[in-house]
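See below for the structure under consideration.
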Amino acid sequence: MSTARPARPGAAHRLAALAEDALGGRLPVRLRAWDGSETGPAGAPVVVVRSRRALRRLLWQPGELGLAQAYVTGELDVEGDLGQGLRTMWGAVRERGVHAPRFTPADRVRAAGAALRLGAVGPRPATPASQARLRGGLHSKARDRAAISHHYDLSNDFYRLLLDETMAYSCGYWAGDDADFTDADAQRAKLELICRKLDLVPGARLLDIGCGWGSLTLYAAEQHKAQVTAVTLAREQAAYIREQVRERGLEDQVDVVCQDYRDITGGDYDAVATVEMGEHVGDAEYPAFAAALHRMVRPRGRVLVQQMSRGSNAPGGGEFIEAYIAPDMHMRPMGQTVGLLEDAGLEVRSVEAMREHYVRTIEGWHRTLEDNWDAFVRLVGEETARVWRLYMVGSALAFEEGRMGVDQILSTRPAPGGDSGMPPSQRSWYTALDAR
């Protein structure tokens, strides 16, 4: 009489056991492996490990970056709603004490043994082509130029497809709650709010540092008749703005400069704006950046910094963002930025939190990405398109959960006698801001 041998567990069961050891808790998602085996809570988001290469990649690069590499290459996927999958994982971190993988030497030995049994041992997989490869000293001018180029010189066609007609690649301002208030309306409301906070009048001299595709530059010139100097490190952006300047007949009002902010000469501007550029400056370099803002604006002039922040105990961008989206970026809690601006001699007069606005802004970009998926893949390839899917979903979730924020910080450079040039009330900033 023969006794049936127990069935060997499938790859999914072995992977789940390995993951639970590393995470220190039950896996909150369902797992499906390349051999068709499946395990985990019913009804949970399904993580699909499509090949042994994904496991090999995680052995060589444990943690967030290894997971991101496996996702962008398609070796690992999430079935259904990617956002819900990430939300489930973050919920487990908060509520059940699951932690990021911590691999001791003994853990690595066990993982290697499991990988050997699963047939996943092998040389280190190649780094995905979409990952940034920077050289040189941190925040040297050449390295900063390469970091900006990695993200912003992807192609103007890509950003034309992703963004609305304003070409604004920063947090919008949802001044209207009605269903007809579009993504483009939110961007125009943001631009108008910035111009009002800066008190732009016809002929006012505005310096727009890190000007993107010129949304603020062009709006300030056309709607407020300002004289604008637009500064960017990205050649694709500079070419786009110059084309728009010619088409709109703004040659006498707009000067486009492709250079590092550290090379800007002159000063005495009536207003200086820097919209989501300060994150790229670097931690050690930010005091000098703040001092440059103070130097460039005239007494009683205004400086507006719109900048992303991280929570005091939150990771901010993380390994994926820094490797694929914004290399060398640095985010700090908003209060620290306020302190650095004040240390430079600027007087902070207004701070407006816009975190929830960024959730809606990014959700709009993500909708556009998904609705035009095939077109994006044709433009940049599937790997880069998957990078952007993960970026959009992960960023929206980080703002939603308060791990990241974004703020408009308005400062002035007081005159020697202390005159700030500010009116007693800021009520006019918001009057009819949602008029379209």
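Every chain in the structure tokens has a letter given in the order shown (A, B, ...), and although residue numbers restart at 1 in each chain, ligands are simply numbered from 1 in the order shown.
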Inset, instruction - Do a neighbour search on segment 238-249 of chain A at 7 Å with only C-alpha atoms, toss out local chain neighbours closer than 5 positions, and write the hits as an NGL selection string. - result: :A and (213-214 or 232 or 256 or 258)
With a cut-off of 12 Å, could you pull out the residues of segment 234-324 of chain A touching segment 417-420 of chain A and give me the nearest pair of atoms for each, distance in Å to one decimal, using only C-alpha atoms, ordered by chain and ascending number, as a Markdown table?
| residue | atom | partner | partner_atom | distance |
| --- | --- | --- | --- | --- |
| A:Arg298 | CA | A:Ser420 | CA | 11.0 |
| A:Pro299 | CA | A:Ser420 | CA | 7.9 |
| A:Arg300 | CA | A:Ser420 | CA | 5.0 |
| A:Gly301 | CA | A:Ser420 | CA | 7.9 |
| A:Arg302 | CA | A:Ser420 | CA | 8.8 |
| A:Val303 | CA | A:Ser420 | CA | 11.7 |
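Each of A:Phe158, A:Arg110, A:Met422, A:Glu356 was compared to Asp21 of chain A using only C-alpha atoms, and A:Arg110 turns out to be the nearest.
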Inset, instruction - Pull the strand (DSSP E or B) assignments for segment 108-303 of chain A out of DSSP run on the backbone, and list those residues as a PyMOL selection string. - result: chain A and resi 205-209+227-232+254-258+269-275+297-303
Inset, instruction - Fewer than 2 positions away in the same chain doesn't count, so skip those; otherwise give me all residues within 10 Å of segment 170-181 of chain A, counting only C-alpha atoms, as a PyMOL selection string. - result: chain A and resi 163+167-168+183-193+212+215+275-277+306-308+354-362+406-407+430+432-436
